[in-house]
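Visitor: Next up, model06.pdb (PDB, C-alpha atoms).
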```
ATOM      1  CA  MET A   1     141.156 -18.857 -74.375
ATOM      2  CA  LYS A   2     137.869 -17.873 -75.939
ATOM      3  CA  ALA A   3     138.157 -16.221 -79.352
ATOM      4  CA  VAL A   4     137.538 -12.483 -79.415
ATOM      5  CA  ARG A   5     134.266 -11.711 -81.188
ATOM      6  CA  ILE A   6     133.137  -8.711 -83.171
ATOM      7  CA  THR A   7     130.614  -8.029 -80.405
ATOM      8  CA  ASP A   8     133.492  -7.851 -77.898
ATOM      9  CA  ILE A   9     135.256  -5.231 -80.010
ATOM     10  CA  ALA A  10     132.027  -3.263 -80.503
ATOM     11  CA  ARG A  11     131.410  -3.199 -76.757
ATOM     12  CA  ALA A  12     134.955  -2.119 -75.930
ATOM     13  CA  ALA A  13     135.093   0.532 -78.663
ATOM     14  CA  GLU A  14     131.518   1.684 -77.953
ATOM     15  CA  VAL A  15     130.360   1.286 -81.552
ATOM     16  CA  SER A  16     127.974  -1.039 -83.414
ATOM     17  CA  THR A  17     128.974  -4.447 -84.761
ATOM     18  CA  ALA A  18     128.355  -3.086 -88.280
ATOM     19  CA  THR A  19     130.882  -0.306 -87.637
ATOM     20  CA  VAL A  20     133.412  -2.882 -86.441
ATOM     21  CA  SER A  21     132.900  -4.979 -89.589
ATOM     22  CA  HIS A  22     133.348  -1.945 -91.835
ATOM     23  CA  ALA A  23     136.388  -0.687 -89.901
ATOM     24  CA  LEU A  24     138.168  -4.055 -90.050
ATOM     25  CA  ASN A  25     137.314  -4.608 -93.717
ATOM     26  CA  GLY A  26     138.154  -1.073 -94.848
ATOM     27  CA  THR A  27     134.594  -0.388 -95.993
ATOM     28  CA  GLY A  28     131.780   1.932 -94.958
ATOM     29  CA  ARG A  29     131.749   5.598 -94.052
ATOM     30  CA  MET A  30     133.292   6.743 -90.758
ATOM     31  CA  SER A  31     135.923   9.136 -89.525
ATOM     32  CA  ASP A  32     139.556   8.129 -89.656
ATOM     33  CA  SER A  33     139.714   8.394 -85.877
ATOM     34  CA  THR A  34     136.820   5.942 -85.449
ATOM     35  CA  ARG A  35     138.339   3.445 -87.874
ATOM     36  CA  ARG A  36     141.696   3.730 -86.127
ATOM     37  CA  ARG A  37     140.111   3.344 -82.664
ATOM     38  CA  VAL A  38     138.230   0.196 -83.711
ATOM     39  CA  ARG A  39     141.340  -1.381 -85.217
ATOM     40  CA  GLU A  40     143.456  -0.511 -82.181
ATOM     41  CA  THR A  41     140.793  -1.976 -79.893
ATOM     42  CA  ALA A  42     140.713  -5.157 -81.960
ATOM     43  CA  ALA A  43     144.499  -5.468 -81.757
ATOM     44  CA  LEU A  44     144.540  -4.888 -77.979
ATOM     45  CA  LEU A  45     141.883  -7.576 -77.477
ATOM     46  CA  GLY A  46     143.816 -10.040 -79.622
ATOM     47  CA  TYR A  47     141.226 -10.277 -82.377
ATOM     48  CA  ARG A  48     142.092 -12.537 -85.307
ATOM     49  CA  PRO A  49     140.315 -12.394 -88.693
ATOM     50  CA  ARG A  50     137.994 -15.273 -89.545
ATOM     51  CA  ASP A  51     140.483 -16.997 -91.832
ATOM     52  CA  GLU A  52     143.018 -17.083 -88.985
ATOM     53  CA  ARG A  53     140.632 -18.384 -86.323
ATOM     54  CA  PRO A  54     140.230 -22.058 -85.395
ATOM     55  CA  ARG A  55     136.937 -23.539 -86.518
ATOM     56  CA  THR A  56     134.221 -24.172 -83.979
ATOM     57  CA  ARG A  57     132.804 -27.120 -85.962
ATOM     58  CA  THR A  58     129.390 -25.532 -85.411
ATOM     59  CA  LEU A  59     126.879 -24.485 -88.052
ATOM     60  CA  GLY A  60     123.920 -22.200 -87.490
ATOM     61  CA  LEU A  61     120.363 -22.237 -88.804
ATOM     62  CA  ALA A  62     118.067 -19.218 -88.688
ATOM     63  CA  VAL A  63     114.608 -18.282 -89.946
ATOM     64  CA  THR A  64     114.317 -14.502 -90.156
ATOM     65  CA  THR A  65     111.239 -14.241 -92.395
ATOM     66  CA  HIS A  66     108.920 -13.670 -89.425
ATOM     67  CA  ARG A  67     111.326 -11.819 -87.141
ATOM     68  CA  ASN A  68     108.557  -9.506 -85.856
ATOM     69  CA  VAL A  69     106.196 -12.332 -84.888
ATOM     70  CA  ALA A  70     106.488 -14.413 -81.718
ATOM     71  CA  TRP A  71     106.433 -18.031 -82.869
ATOM     72  CA  ASN A  72     108.116 -21.403 -82.502
ATOM     73  CA  ILE A  73     109.491 -22.777 -85.758
ATOM     74  CA  LEU A  74     109.063 -26.336 -84.482
ATOM     75  CA  ASP A  75     105.286 -25.817 -84.439
ATOM     76  CA  VAL A  76     105.284 -25.734 -88.257
ATOM     77  CA  ALA A  77     105.847 -29.103 -89.961
ATOM     78  CA  TYR A  78     108.071 -27.661 -92.702
ATOM     79  CA  TYR A  79     110.498 -26.036 -90.261
ATOM     80  CA  ALA A  80     110.405 -28.958 -87.808
ATOM     81  CA  GLN A  81     111.440 -31.341 -90.597
ATOM     82  CA  ALA A  82     114.029 -28.846 -91.813
ATOM     83  CA  VAL A  83     115.659 -28.548 -88.388
ATOM     84  CA  ALA A  84     115.698 -32.336 -87.867
ATOM     85  CA  ALA A  85     117.194 -32.968 -91.311
ATOM     86  CA  ALA A  86     119.802 -30.216 -90.964
ATOM     87  CA  THR A  87     120.867 -31.462 -87.518
ATOM     88  CA  ALA A  88     121.294 -35.045 -88.725
ATOM     89  CA  ALA A  89     123.194 -33.925 -91.830
ATOM     90  CA  ALA A  90     125.498 -31.650 -89.803
ATOM     91  CA  HIS A  91     126.331 -34.509 -87.439
ATOM     92  CA  ARG A  92     127.163 -36.776 -90.372
ATOM     93  CA  HIS A  93     129.694 -34.181 -91.517
ATOM     94  CA  GLY A  94     131.170 -33.840 -88.027
ATOM     95  CA  TYR A  95     129.545 -30.501 -87.166
ATOM     96  CA  ALA A  96     127.135 -29.418 -84.447
ATOM     97  CA  LEU A  97     124.083 -27.334 -85.417
ATOM     98  CA  SER A  98     122.821 -24.344 -83.455
ATOM     99  CA  VAL A  99     119.262 -23.149 -84.174
ATOM    100  CA  LEU A 100     119.235 -19.392 -83.648
ATOM    101  CA  PRO A 101     116.175 -17.447 -82.448
ATOM    102  CA  SER A 102     114.133 -15.639 -85.092
ATOM    103  CA  THR A 103     115.687 -12.319 -84.024
ATOM    104  CA  PRO A 104     119.368 -13.289 -83.675
ATOM    105  CA  GLY A 105     122.090 -10.786 -82.962
ATOM    106  CA  SER A 106     124.657 -10.642 -85.738
ATOM    107  CA  GLY A 107     127.493 -11.173 -83.280
ATOM    108  CA  GLN A 108     126.153 -14.558 -82.207
ATOM    109  CA  ALA A 109     125.852 -15.708 -85.822
ATOM    110  CA  LEU A 110     129.278 -14.362 -86.823
ATOM    111  CA  ASP A 111     131.002 -16.701 -84.347
ATOM    112  CA  LEU A 112     129.789 -19.791 -86.225
ATOM    113  CA  ASP A 113     131.702 -21.566 -89.002
ATOM    114  CA  GLY A 114     128.786 -21.052 -91.375
ATOM    115  CA  LEU A 115     125.062 -20.392 -91.436
ATOM    116  CA  LEU A 116     121.914 -21.635 -93.151
ATOM    117  CA  LEU A 117     119.294 -18.921 -93.677
ATOM    118  CA  ILE A 118     115.769 -20.148 -94.487
ATOM    119  CA  ASP A 119     113.546 -17.837 -96.573
ATOM    120  CA  ALA A 120     115.532 -14.685 -95.850
ATOM    121  CA  PRO A 121     113.394 -11.602 -96.577
ATOM    122  CA  ALA A 122     114.499  -8.518 -98.484
ATOM    123  CA  GLU A 123     116.832  -6.123 -96.641
ATOM    124  CA  ASP A 124     117.545  -8.663 -93.910
ATOM    125  CA  PRO A 125     120.066  -7.148 -91.446
ATOM    126  CA  LEU A 126     121.477 -10.552 -90.461
ATOM    127  CA  THR A 127     122.143 -11.400 -94.111
ATOM    128  CA  GLU A 128     123.988  -8.119 -94.605
ATOM    129  CA  ALA A 129     126.070  -8.603 -91.452
ATOM    130  CA  LEU A 130     127.102 -12.094 -92.548
ATOM    131  CA  ARG A 131     127.994 -10.921 -96.039
ATOM    132  CA  ARG A 132     130.139  -8.102 -94.667
ATOM    133  CA  ALA A 133     131.953 -10.455 -92.325
ATOM    134  CA  GLY A 134     132.579 -13.019 -95.056
ATOM    135  CA  THR A 135     130.833 -15.769 -93.071
ATOM    136  CA  PRO A 136     130.108 -18.833 -95.240
ATOM    137  CA  LEU A 137     126.391 -18.637 -95.918
ATOM    138  CA  VAL A 138     123.896 -20.861 -97.735
ATOM    139  CA  PHE A 139     120.380 -19.612 -98.375
ATOM    140  CA  VAL A 140     117.541 -22.134 -98.234
ATOM    141  CA  GLY A 141     115.276 -20.511-100.774
ATOM    142  CA  ARG A 142     116.572 -18.011-103.324
ATOM    143  CA  PRO A 143     117.498 -14.698-101.647
ATOM    144  CA  VAL A 144     115.360 -11.823-102.911
ATOM    145  CA  ASP A 145     118.373  -9.579-103.435
ATOM    146  CA  ALA A 146     120.611 -12.376-104.695
ATOM    147  CA  ARG A 147     124.214 -11.531-105.552
ATOM    148  CA  ALA A 148     126.461 -13.398-107.941
ATOM    149  CA  SER A 149     128.468 -14.803-105.031
ATOM    150  CA  ASP A 150     125.430 -16.042-103.071
ATOM    151  CA  ILE A 151     124.959 -19.783-102.621
ATOM    152  CA  TRP A 152     121.413 -21.089-102.374
ATOM    153  CA  VAL A 153     119.388 -24.293-102.364
ATOM    154  CA  GLY A 154     115.667 -24.200-103.070
ATOM    155  CA  GLY A 155     112.712 -25.217-105.172
ATOM    156  CA  ASP A 156     111.212 -23.993-108.408
ATOM    157  CA  HIS A 157     108.199 -22.359-106.763
ATOM    158  CA  ALA A 158     106.754 -21.136-110.043
ATOM    159  CA  ALA A 159     106.679 -24.681-111.435
ATOM    160  CA  ALA A 160     105.189 -25.947-108.170
ATOM    161  CA  VAL A 161     102.332 -23.419-108.257
ATOM    162  CA  ARG A 162     101.613 -24.205-111.903
ATOM    163  CA  SER A 163     101.405 -27.921-111.121
ATOM    164  CA  VAL A 164      98.701 -27.284-108.510
ATOM    165  CA  LEU A 165      96.723 -24.879-110.700
ATOM    166  CA  ASP A 166      96.870 -27.247-113.684
ATOM    167  CA  HIS A 167      95.658 -30.086-111.482
ATOM    168  CA  LEU A 168      92.728 -28.031-110.192
ATOM    169  CA  THR A 169      91.797 -27.040-113.735
ATOM    170  CA  GLY A 170      91.914 -30.693-114.743
ATOM    171  CA  GLN A 171      89.367 -31.419-112.022
ATOM    172  CA  GLY A 172      86.922 -28.868-113.417
ATOM    173  CA  ALA A 173      87.849 -25.716-111.491
ATOM    174  CA  GLY A 174      86.961 -22.524-113.334
ATOM    175  CA  ARG A 175      87.674 -19.883-110.691
ATOM    176  CA  ILE A 176      90.839 -20.578-108.679
ATOM    177  CA  ALA A 177      91.888 -18.328-105.798
ATOM    178  CA  LEU A 178      95.195 -18.122-103.972
ATOM    179  CA  ILE A 179      95.918 -17.568-100.277
ATOM    180  CA  ALA A 180      99.334 -15.892-100.197
ATOM    181  CA  GLY A 181     101.141 -12.864 -98.837
ATOM    182  CA  PRO A 182     102.069 -10.422 -97.632
ATOM    183  CA  GLY A 183     105.765 -11.236 -97.564
ATOM    184  CA  THR A 184     109.110 -10.074 -98.915
ATOM    185  CA  ASP A 185     110.724 -13.514 -99.110
ATOM    186  CA  SER A 186     111.237 -15.132-102.510
ATOM    187  CA  TYR A 187     108.842 -18.002-101.748
ATOM    188  CA  THR A 188     105.868 -15.673-101.335
ATOM    189  CA  ARG A 189     106.895 -13.414-104.204
ATOM    190  CA  ASP A 190     107.557 -16.293-106.607
ATOM    191  CA  CYS A 191     104.256 -17.996-105.787
ATOM    192  CA  LEU A 192     102.265 -14.798-106.311
ATOM    193  CA  ALA A 193     104.075 -13.999-109.551
ATOM    194  CA  ALA A 194     103.509 -17.520-110.889
ATOM    195  CA  TYR A 195      99.812 -17.370-110.014
ATOM    196  CA  HIS A 196      99.320 -14.035-111.778
ATOM    197  CA  ALA A 197     101.215 -15.273-114.835
ATOM    198  CA  TRP A 198      99.127 -18.453-114.922
ATOM    199  CA  CYS A 199      95.896 -16.467-114.653
ATOM    200  CA  ALA A 200      96.981 -14.193-117.515
ATOM    201  CA  ALA A 201      97.783 -17.203-119.685
ATOM    202  CA  HIS A 202      94.430 -18.858-118.908
ATOM    203  CA  GLY A 203      92.226 -15.776-119.142
ATOM    204  CA  GLN A 204      91.263 -15.812-115.454
ATOM    205  CA  GLU A 205      90.958 -12.731-113.265
ATOM    206  CA  PRO A 206      93.385 -13.186-110.319
ATOM    207  CA  LEU A 207      91.781 -13.569-106.894
ATOM    208  CA  THR A 208      94.131 -13.499-103.905
ATOM    209  CA  ALA A 209      93.643 -13.244-100.167
ATOM    210  CA  PRO A 210      96.634 -12.311 -97.944
ATOM    211  CA  LEU A 211      97.060 -13.376 -94.348
ATOM    212  CA  VAL A 212      95.965 -11.079 -91.536
ATOM    213  CA  PRO A 213      98.739 -10.881 -88.898
ATOM    214  CA  GLY A 214      97.942 -13.103 -85.940
ATOM    215  CA  ARG A 215      95.008 -14.875 -87.618
ATOM    216  CA  GLY A 216      96.755 -17.313 -89.922
ATOM    217  CA  SER A 217      94.741 -18.458 -92.929
ATOM    218  CA  ASP A 218      91.339 -18.293 -91.195
ATOM    219  CA  SER A 219      90.471 -14.737 -92.171
ATOM    220  CA  ALA A 220      91.674 -15.250 -95.752
ATOM    221  CA  ALA A 221      89.555 -18.398 -96.127
ATOM    222  CA  HIS A 222      86.369 -16.725 -94.874
ATOM    223  CA  THR A 223      87.018 -13.667 -97.028
ATOM    224  CA  LEU A 224      87.218 -15.790-100.168
ATOM    225  CA  LEU A 225      84.194 -17.974 -99.411
ATOM    226  CA  THR A 226      81.878 -15.036 -98.678
ATOM    227  CA  ARG A 227      82.503 -13.237-101.953
ATOM    228  CA  ALA A 228      79.663 -12.857-104.435
ATOM    229  CA  ASP A 229      82.002 -14.311-107.070
ATOM    230  CA  ARG A 230      83.146 -17.124-104.780
ATOM    231  CA  PRO A 231      85.933 -19.305-106.198
ATOM    232  CA  ASP A 232      85.303 -22.999-106.803
ATOM    233  CA  ALA A 233      88.910 -23.908-105.913
ATOM    234  CA  VAL A 234      91.515 -22.436-103.547
ATOM    235  CA  TYR A 235      95.215 -23.115-103.175
ATOM    236  CA  GLY A 236      96.934 -21.861-100.020
ATOM    237  CA  ILE A 237     100.722 -21.626 -99.974
ATOM    238  CA  TYR A 238     100.889 -22.079 -96.196
ATOM    239  CA  ASN A 239     100.607 -25.075 -93.887
ATOM    240  CA  SER A 240      97.530 -23.685 -92.125
ATOM    241  CA  SER A 241      95.591 -22.964 -95.320
ATOM    242  CA  GLY A 242      94.113 -26.424 -95.778
ATOM    243  CA  SER A 243      92.538 -26.754 -92.340
ATOM    244  CA  ALA A 244      91.342 -23.141 -92.458
ATOM    245  CA  LEU A 245      89.606 -23.743 -95.789
ATOM    246  CA  LEU A 246      87.940 -26.948 -94.570
ATOM    247  CA  ASP A 247      86.620 -25.145 -91.478
ATOM    248  CA  ALA A 248      85.390 -22.166 -93.514
ATOM    249  CA  ALA A 249      83.705 -24.437 -96.054
ATOM    250  CA  ARG A 250      81.805 -26.273 -93.302
ATOM    251  CA  HIS A 251      80.832 -22.959 -91.712
ATOM    252  CA  HIS A 252      79.373 -21.687 -94.980
ATOM    253  CA  GLY A 253      77.664 -24.964 -95.916
ATOM    254  CA  LEU A 254      79.999 -25.836 -98.796
ATOM    255  CA  ARG A 255      80.953 -29.394 -99.655
ATOM    256  CA  VAL A 256      84.559 -30.355-100.376
ATOM    257  CA  PRO A 257      85.270 -31.349-103.132
ATOM    258  CA  GLU A 258      81.785 -31.085-104.703
ATOM    259  CA  ASP A 259      81.400 -27.314-104.204
ATOM    260  CA  LEU A 260      84.984 -26.355-103.464
ATOM    261  CA  LEU A 261      88.368 -27.859-104.300
ATOM    262  CA  VAL A 262      90.992 -27.360-101.563
ATOM    263  CA  ALA A 263      94.777 -27.708-101.762
ATOM    264  CA  CYS A 264      97.674 -26.320 -99.741
ATOM    265  CA  MET A 265     101.412 -26.447 -99.289
ATOM    266  CA  SER A 266     102.171 -28.627 -96.293
ATOM    267  CA  GLU A 267     104.470 -31.290 -94.909
ATOM    268  CA  ASP A 268     101.938 -32.252 -92.208
ATOM    269  CA  PRO A 269     100.954 -35.946 -92.459
ATOM    270  CA  ALA A 270      97.685 -35.141 -90.641
ATOM    271  CA  TYR A 271      96.237 -33.865 -93.916
ATOM    272  CA  ALA A 272      96.033 -37.487 -95.071
ATOM    273  CA  THR A 273      93.637 -38.354 -92.237
ATOM    274  CA  VAL A 274      91.212 -35.398 -92.106
ATOM    275  CA  ASP A 275      87.766 -35.526 -93.744
ATOM    276  CA  PRO A 276      88.154 -35.204 -96.622
ATOM    277  CA  PRO A 277      91.906 -35.844 -96.990
ATOM    278  CA  VAL A 278      93.561 -32.726 -98.379
ATOM    279  CA  THR A 279      95.751 -32.486-101.469
ATOM    280  CA  THR A 280      99.156 -31.131-100.474
ATOM    281  CA  LEU A 281     102.235 -29.818-102.196
ATOM    282  CA  SER A 282     105.512 -30.792-100.509
ATOM    283  CA  LEU A 283     108.660 -28.693-100.858
ATOM    284  CA  ASN A 284     110.726 -31.636 -99.550
ATOM    285  CA  PRO A 285     112.452 -29.859 -96.644
ATOM    286  CA  ARG A 286     114.376 -32.984 -95.629
ATOM    287  CA  THR A 287     116.045 -33.246 -99.021
ATOM    288  CA  GLY A 288     116.526 -29.489 -99.213
ATOM    289  CA  LEU A 289     118.214 -29.121 -95.830
ATOM    290  CA  GLU A 290     120.372 -32.212 -96.203
ATOM    291  CA  THR A 291     121.590 -30.760 -99.496
ATOM    292  CA  ALA A 292     122.057 -27.294 -98.002
ATOM    293  CA  VAL A 293     124.207 -28.609 -95.146
ATOM    294  CA  THR A 294     126.413 -30.527 -97.575
ATOM    295  CA  VAL A 295     126.788 -27.408 -99.744
ATOM    296  CA  LEU A 296     127.603 -25.267 -96.683
ATOM    297  CA  VAL A 297     130.246 -27.685 -95.408
ATOM    298  CA  THR A 298     131.788 -27.723 -98.885
ATOM    299  CA  ALA A 299     131.803 -23.907 -98.947
ATOM    300  CA  ILE A 300     133.560 -23.829 -95.556
ATOM    301  CA  GLU A 301     136.164 -26.436 -96.371
ATOM    302  CA  SER A 302     136.615 -25.625-100.081
ATOM    303  CA  PRO A 303     135.756 -21.953-100.655
ATOM    304  CA  GLY A 304     134.758 -20.956-104.159
ATOM    305  CA  PRO A 305     131.718 -20.456-106.403
ATOM    306  CA  HIS A 306     128.842 -22.895-106.108
ATOM    307  CA  ALA A 307     125.889 -23.140-108.487
ATOM    308  CA  PRO A 308     122.310 -23.011-107.098
ATOM    309  CA  VAL A 309     120.750 -26.411-106.387
ATOM    310  CA  LEU A 310     117.061 -26.991-107.178
ATOM    311  CA  VAL A 311     115.036 -29.331-104.971
ATOM    312  CA  PRO A 312     112.025 -31.060-106.604
ATOM    313  CA  HIS A 313     108.498 -30.626-105.243
ATOM    314  CA  ASP A 314     105.873 -33.362-104.842
ATOM    315  CA  LEU A 315     102.111 -33.029-105.328
ATOM    316  CA  THR A 316     100.076 -35.586-103.392
ATOM    317  CA  VAL A 317      96.533 -35.666-104.771
ATOM    318  CA  ARG A 318      93.787 -36.562-102.297
ATOM    319  CA  ARG A 319      90.011 -36.410-102.209
ATOM    320  CA  SER A 320      89.776 -32.654-101.497
ATOM    321  CA  THR A 321      90.607 -31.966-105.151
ATOM    322  CA  GLN A 322      89.067 -34.990-106.884
ATOM    323  CA  ARG A 323      85.731 -34.850-108.659
ATOM    324  CA  GLY A 324      85.901 -38.226-110.339
ATOM    325  CA  ARG A 325      88.120 -37.019-113.202
ATOM    326  CA  GLY A 326      91.228 -38.980-112.335
ATOM    327  CA  PRO A 327      94.395 -37.492-110.871
ATOM    328  CA  GLY A 328      94.442 -34.551-113.283
TER
END
```
Is it possible to express this structure as structure tokens?
Guide:
Amino acid sequence: MKAVRITDIARAAEVSTATVSHALNGTGRMSDSTRRRVRETAALLGYRPRDERPRTRTLGLAVTTHRNVAWNILDVAYYAQAVAAATAAAHRHGYALSVLPSTPGSGQALDLDGLLLIDAPAEDPLTEALRRAGTPLVFVGRPVDARASDIWVGGDHAAAVRSVLDHLTGQGAGRIALIAGPGTDSYTRDCLAAYHAWCAAHGQEPLTAPLVPGRGSDSAAHTLLTRADRPDAVYGIYNSSGSALLDAARHHGLRVPEDLLVACMSEDPAYATVDPPVTTLSLNPRTGLETAVTVLVTAIESPGPHAPVLVPHDLTVRRSTQRGRGPG
């Protein structure tokens, strides 16, 4: 017999899944009659709390950062590598992996043994539903509203940004711009904060260009390269930033790297073959997701506190940021 889900109770009791979670856990604000009705409905349906239910041996993976944008995560190299690595790691541990849509219903996620959430934004409803239900959860990337009990695996984004900016300075850059934002996830926030701190420490006026919804990095690149105080180096924290900057530079008659240094965060191997090859920062999604799956399985099978795990970044220097001064 199929296990009764929170969504089944919500449908039968004609309330939301959040109300069911609160009623069963003794939390939230509702009338005594509503709480009693939800609990009676759960009992009639044969609902069993999570710790009494048999495991499904299935993990979930969700990316909710861009829940309002229609996109395919497998079109982005970082997420494609993340999904492949997580699937392989789950299988090694004897679990299946279900990749949820970017706008998953909480009921679907609550039926899994545990979930990986990549770059969860602030005030994420799925995150809150999972926390309320006590579902084992591992964040890939530090949660913005992290709690003491949260488990996460991610990189030191501030150190990563500084490594790129220091490299560009070592190659003679005097005016470095950043393509980043808007975004409420910790990756975007940490990168922007690190850039502003670096600029303050180096006496440079910050120059940032956010993405325009639906236009990727193209608009940001053209905005930066048409300024009267045009930067002589740009770092984009997104996969599309490098190609957008190369196209914009050609359009405006700028040579890379002679007139403009270009670097971006990307896992795409194609950046090694473009002209000129682009310097990229890797966040090592394969290592990160393999680690995250192992941590999640441990949390499921051996509940308890788990310390955050930092994943190292890698900077691959290519011709787009070299002006004959060595690797920097």
Visitor: Can you spell out as JSON, numbers by chain the set of residues that the PyMOL selection byres ((chain A and resi 71-86) around 10) selects in the structure I just provided?
Guide: {"A": [59, 60, 61, 62, 63, 66, 67, 68, 69, 70, 87, 88, 89, 90, 91, 92, 96, 97, 98, 99, 101, 102, 116, 118, 140, 238, 239, 240, 265, 266, 267, 268, 269, 282, 283, 284, 285, 286, 287, 288, 289, 290, 291, 292, 293, 294]}
Visitor: Could you give me, as an MDAnalysis selection string, the residues within 8 Å of Ser320 of chain A, counting all atoms listed in the file and dropping anything in the same chain fewer than 4 positions from it?
Guide: chainID A and resid 256:257 261:263 276:279
Visitor: With distances taken over all atoms listed in the file, which of A:Ser302, A:Thr34, A:Thr41, A:Thr316 is nearest to Ala272 of chain A?
Guide: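 The answer is A:Thr316, which sits nearest to Ala272 of chain A.
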Visitor: Within 10 Å of Ile9 of chain A, counting all atoms listed in the file, which residues show up once you throw out same-chain ones fewer than 6 positions away? Write them as a short mmCIF file (atom, residue, chain, number, x, y, z; two decimals) with C-alpha atoms, keeping the file's coordinate frame, please.
Guide:
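Printed below is part_30.cif as written:
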```cif
data_model
loop_
_atom_site.label_atom_id
_atom_site.label_comp_id
_atom_site.auth_asym_id
_atom_site.auth_seq_id
_atom_site.Cartn_x
_atom_site.Cartn_y
_atom_site.Cartn_z
CA VAL A 15 130.36 1.29 -81.55
CA SER A 16 127.97 -1.04 -83.41
CA THR A 17 128.97 -4.45 -84.76
CA VAL A 20 133.41 -2.88 -86.44
CA SER A 21 132.90 -4.98 -89.59
CA VAL A 38 138.23 0.20 -83.71
CA ARG A 39 141.34 -1.38 -85.22
CA GLU A 40 143.46 -0.51 -82.18
CA THR A 41 140.79 -1.98 -79.89
CA ALA A 42 140.71 -5.16 -81.96
CA ALA A 43 144.50 -5.47 -81.76
CA LEU A 44 144.54 -4.89 -77.98
CA LEU A 45 141.88 -7.58 -77.48
CA GLY A 46 143.82 -10.04 -79.62
CA TYR A 47 141.23 -10.28 -82.38
#
```
Visitor: Quick one: distance from atom CA of Pro312 of chain A to atom CA of Ala200 of chain A in Å, one decimal?
Guide: 25.1 Å
Visitor: On this file, the PyMOL selection byres ((chain A and resi 264) around 6) gives some set of residues; write that set as a list in words.
Guide: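 Selection result, ordered by chain and number: Tyr235, Gly236, Ile237, Ser241, Gly242, Ala263, Met265 and Thr280 of chain A.
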Visitor: In Å, with one decimal, what is the gap from atom CA of Thr56 of chain A to atom CA of Gly304 of chain A?
Guide: 20.4 Å
Visitor: Can you work out which one of A:Leu296, A:Leu260, A:Leu254, A:Leu225 has the shortest atom-to-atom distance to Leu117 of chain A, counting only C-alpha atoms?
Guide: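 So, comparing all the options, the nearest one is A:Leu296.
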Visitor: Looking at only C-alpha atoms, which of A:Ser149, A:Thr169, A:Thr64, A:Asn25 is the one that sits closest to Gln204 of chain A?
Guide: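 Going through A:Ser149, A:Thr169, A:Thr64, A:Asn25 one by one, the smallest distance to Gln204 of chain A is for A:Thr169.
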Visitor: For the structure provided, state which residues fall under the PyMOL selection byres ((chain A and resi 210) around 10), and present them as JSON, numbers by chain.
Guide: {"A": [178, 179, 180, 181, 182, 183, 208, 209, 211, 212, 213, 216, 217, 219, 220, 221, 223, 236]}
Visitor: Find the residues near Ala159 of chain A: any atom within 9 Å, counting all atoms listed in the file, skip ones fewer than 5 places away on the same chain, and give them as a list of chain:residue names.
Guide: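 Using all atoms listed in the file, the neighbours found are A:Val164, A:Ala194, A:His313.
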Visitor: Please save C-alpha atoms of the selected residues as a compact mmCIF listing (two decimals), in the coordinates of the input.
Guide:
```txt
# COMPACT_ATOMS: atom_id res chain seq x y z
CA VAL A 164 98.70 -27.28 -108.51
CA ALA A 194 103.51 -17.52 -110.89
CA HIS A 313 108.50 -30.63 -105.24
```
Visitor: Record the distance separating atom CA of Trp152 of chain A and atom CA of Val297 of chain A, expressed in Å with one decimal.
Guide: 13.0 Å
Visitor: Just checking: using only C-alpha atoms, which residue out of A:Ala197, A:Ala307, A:Ile151, A:Leu24 ends up closest to Arg37 of chain A?
Guide: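 Smallest distance to Arg37 of chain A is found for A:Leu24.
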Visitor: Which residues, written as a list in words, have at least one atom at most 12 Å from His202 of chain A, with only C-alpha atoms counted and residues fewer than 4 positions away on the same chain left out?
Guide: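 Residues meeting the cut-off are Arg162, Leu165, Asp166, Thr169, Gly174, Arg175, Ile176, Tyr195, His196, Ala197, Trp198 and Pro206 of chain A.
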